[in-house]
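Printed here is start.txt (compact mmCIF, C-alpha atoms):
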```
# COMPACT_ATOMS: atom_id res chain seq x y z
CA MET A 1 -89.62 121.40 -37.06
CA LYS A 2 -93.39 121.71 -36.64
CA GLN A 3 -93.72 117.93 -36.18
CA LYS A 4 -91.00 117.91 -33.52
CA PHE A 5 -92.76 120.72 -31.64
CA LEU A 6 -96.13 118.95 -31.86
CA VAL A 7 -94.61 115.69 -30.59
CA LEU A 8 -92.97 117.51 -27.66
CA ALA A 9 -96.20 119.35 -26.87
CA LEU A 10 -98.16 116.08 -26.94
CA ILE A 11 -95.65 114.42 -24.62
CA GLY A 12 -95.87 117.38 -22.24
CA VAL A 13 -99.66 117.28 -22.13
CA THR A 14 -99.61 113.52 -21.59
CA LEU A 15 -97.12 113.78 -18.74
CA PHE A 16 -99.14 116.59 -17.12
CA THR A 17 -102.33 114.50 -17.37
CA VAL A 18 -100.70 111.38 -15.91
CA GLN A 19 -99.08 113.40 -13.14
CA SER A 20 -102.42 115.07 -12.33
CA LEU A 21 -104.18 111.70 -12.09
CA ASN A 22 -101.51 110.40 -9.71
CA ALA A 23 -101.25 113.56 -7.64
CA ALA A 24 -101.54 113.51 -3.88
CA PRO A 25 -104.95 114.19 -2.35
CA VAL A 26 -106.00 117.80 -2.50
CA GLU A 27 -106.03 119.42 0.91
CA ASP A 28 -109.33 121.18 1.44
CA ASP A 29 -111.42 122.32 4.33
CA VAL A 30 -113.87 119.78 5.69
CA ALA A 31 -116.83 122.01 4.81
CA GLY A 32 -116.06 121.78 1.09
CA ASP A 33 -115.01 118.15 1.10
CA LYS A 34 -118.10 116.77 -0.66
CA LEU A 35 -118.46 116.43 -4.41
CA VAL A 36 -121.83 115.78 -6.03
CA VAL A 37 -121.83 114.97 -9.73
CA VAL A 38 -125.20 115.17 -11.46
CA TRP A 39 -124.99 112.88 -14.48
CA SER A 40 -127.87 113.58 -16.84
CA SER A 41 -126.51 112.76 -20.28
CA GLY A 42 -127.72 109.68 -22.13
CA ASP A 43 -124.51 109.66 -24.19
CA PRO A 44 -122.21 106.77 -23.18
CA TYR A 45 -119.11 108.70 -24.25
CA VAL A 46 -119.99 111.60 -21.92
CA ALA A 47 -120.45 109.05 -19.14
CA GLU A 48 -117.20 107.16 -19.69
CA LYS A 49 -114.87 109.90 -20.87
CA VAL A 50 -116.07 112.80 -18.71
CA ALA A 51 -118.52 112.21 -15.87
CA PHE A 52 -117.21 108.86 -14.61
CA MET A 53 -113.55 109.62 -15.19
CA TYR A 54 -113.53 112.67 -12.90
CA THR A 55 -116.00 111.28 -10.37
CA HIS A 56 -114.09 108.05 -9.87
CA ALA A 57 -110.69 109.75 -9.77
CA ALA A 58 -111.94 112.29 -7.22
CA ARG A 59 -112.84 109.47 -4.84
CA ARG A 60 -109.91 107.12 -5.53
CA ASN A 61 -107.33 109.88 -5.22
CA GLY A 62 -108.88 111.48 -2.15
CA TRP A 63 -109.56 114.79 -3.85
CA TYR A 64 -112.88 114.77 -1.97
CA ARG A 65 -113.74 112.77 1.12
CA ASP A 66 -117.35 112.21 0.04
CA VAL A 67 -118.32 111.70 -3.60
CA THR A 68 -121.88 111.17 -4.80
CA LEU A 69 -123.02 110.49 -8.36
CA VAL A 70 -126.64 111.45 -9.01
CA ILE A 71 -128.24 109.67 -11.96
CA TRP A 72 -130.75 112.08 -13.46
CA GLY A 73 -132.83 112.02 -16.64
CA PRO A 74 -131.66 110.02 -19.68
CA SER A 75 -128.65 108.66 -17.78
CA ALA A 76 -131.06 106.42 -15.84
CA LYS A 77 -132.00 104.54 -18.99
CA LEU A 78 -128.36 104.24 -20.07
CA ALA A 79 -127.31 102.94 -16.65
CA ALA A 80 -130.05 100.32 -16.66
CA GLU A 81 -129.37 99.06 -20.18
CA ASN A 82 -125.62 99.35 -20.83
CA ILE A 83 -123.47 96.56 -19.33
CA LYS A 84 -120.23 98.51 -19.79
CA ILE A 85 -121.70 101.49 -17.94
CA GLN A 86 -122.96 99.16 -15.19
CA ALA A 87 -119.45 97.74 -14.71
CA LYS A 88 -118.05 101.25 -14.30
CA LEU A 89 -120.79 102.14 -11.81
CA LYS A 90 -120.02 99.01 -9.77
CA ALA A 91 -116.30 99.89 -9.75
CA MET A 92 -117.14 103.37 -8.46
CA GLN A 93 -119.39 101.91 -5.77
CA LYS A 94 -116.61 99.53 -4.72
CA ASP A 95 -114.27 102.51 -4.33
CA GLY A 96 -116.73 104.44 -2.17
CA VAL A 97 -118.72 106.60 -4.58
CA VAL A 98 -122.33 106.87 -3.41
CA LEU A 99 -124.82 106.28 -6.24
CA GLU A 100 -128.25 107.90 -6.14
CA ALA A 101 -130.92 108.09 -8.82
CA CYS A 102 -133.96 110.25 -9.30
CA SER A 103 -137.05 108.09 -8.88
CA SER A 104 -139.18 110.26 -11.18
CA CYS A 105 -136.59 109.98 -13.93
CA ALA A 106 -136.13 106.24 -13.41
CA ASN A 107 -139.89 105.66 -13.38
CA SER A 108 -140.35 107.69 -16.57
CA TYR A 109 -137.95 105.28 -18.32
CA ASN A 110 -139.39 102.26 -16.46
CA VAL A 111 -135.95 101.35 -15.03
CA ALA A 112 -136.30 102.04 -11.29
CA ASP A 113 -136.21 98.34 -10.35
CA ASP A 114 -133.24 97.75 -12.66
CA LEU A 115 -131.29 100.53 -10.94
CA ARG A 116 -132.20 99.23 -7.49
CA ALA A 117 -130.95 95.79 -8.54
CA LEU A 118 -127.59 97.45 -9.27
CA GLY A 119 -127.45 98.71 -5.68
CA ILE A 120 -128.34 102.29 -6.59
CA ASP A 121 -130.42 104.30 -4.10
CA VAL A 122 -133.48 105.30 -6.16
CA LYS A 123 -135.42 108.08 -4.44
CA GLY A 124 -137.01 111.46 -4.90
CA MET A 125 -134.05 113.74 -5.59
CA GLY A 126 -135.65 117.19 -5.54
CA VAL A 127 -135.01 117.82 -1.85
CA PRO A 128 -131.60 116.07 -1.68
CA LEU A 129 -130.34 117.98 -4.74
CA THR A 130 -131.63 121.25 -3.29
CA ASN A 131 -129.82 120.46 -0.03
CA TYR A 132 -126.60 119.69 -1.92
CA LEU A 133 -126.86 122.99 -3.78
CA LYS A 134 -127.49 124.95 -0.57
CA SER A 135 -124.66 123.23 1.28
CA ASP A 136 -120.90 123.58 0.99
CA ALA A 137 -120.82 120.63 -1.41
CA ARG A 138 -119.32 121.17 -4.83
CA VAL A 139 -122.00 120.27 -7.40
CA ILE A 140 -121.16 119.75 -11.07
CA THR A 141 -123.30 118.49 -13.92
CA PHE A 142 -122.50 116.40 -16.99
```
Encoded form (structure tokens):
Amino acid sequence: MKQKFLVLALIGVTLFTVQSLNAAPVEDDVAGDKLVVVWSSGDPYVAEKVAFMYTHAARRNGWYRDVTLVIWGPSAKLAAENIKIQAKLKAMQKDGVVLEACSSCANSYNVADDLRALGIDVKGMGVPLTNYLKSDARVITF
């Protein structure tokens, strides 16, 4: 009986997840239609299974009109060195996600040129991040 319940619960969660990923675009006011994801983790699993998954889906599914991924801290090194991560970043770019990276962070890991070669806008991010936080943008951090 317990196994049957667990199987049914798992199927329900799976269906809910699939349905959520395929849901129609979320209607939102224009003022709050920008998502900024600050990705700072150097863990590839956090990148692939959390930060990238939501960021990419938010753009592809129209949940937000404008989606920006900010590469901050240890994520700069991971992005510059991990081919699998680079492929995911390129896919996000292709689908309209804007990629920005903190120049101080990138320089501290000696990867600024590598990130630029990937088409990532490497720049001072103190003022842009402050502006995002003070605006109507939704800012989340992973």
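Using only C-alpha atoms, the smallest distance between any of A:Arg138, A:Arg59, A:Lys34, A:Arg116 and Ala76 (chain A) comes from A:Arg116.
The nearest approach to Val67 (chain A) among the residues A:Glu81, A:Asp43, A:Glu48, A:Asp33, with all atoms listed in the file taken into account, belongs to A:Asp33.
Between CA of Lys94 (chain A) and CA of Met53 (chain A) lies a distance of 14.9 Å.
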Need the shell around region 104-108 of chain A: protein/DNA/RNA residues with any atom at most 12 Å away, counting only C-alpha atoms. Skip same-chain ones fewer than 3 positions apart. Format as a ChimeraX atom specification? /A:39-40,70-81,100-101,111-116,120-126
Which of A:Val127, A:Gly62, A:Lys90, A:Val37 sits closest to Val50 (chain A) [using only C-alpha atoms]: A:Val37
Distance of CA of Leu133 (chain A) from CA of Ala91 (chain A), expressed in Å to one decimal place: 26.1 Å
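The space between CA of Val46 (chain A) and CA of Gly32 (chain A) spans 25.5 Å.
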Is there a way to get, as an NGL selection string, all residues within 8 Å of the point (-114.4, 107.9, -6.1) in file coordinates, counting all atoms listed in the file? :A and (55-62 or 67 or 92-93 or 95-97)
Return as JSON the box centre and box size in Å, one decimal, for an axis-aligned box around all listed atoms of region 97-115 of chain A padded by 6 Å per side.
```
{"center_x": -129.5, "center_y": 104.0, "center_z": -10.9, "size_x": 33.6, "size_y": 24.5, "size_z": 26.9}
```
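The nearest approach to Lys88 (chain A) among the residues A:Tyr109, A:Asp66, A:Pro44, A:Thr130, with all atoms listed in the file taken into account, belongs to A:Pro44.
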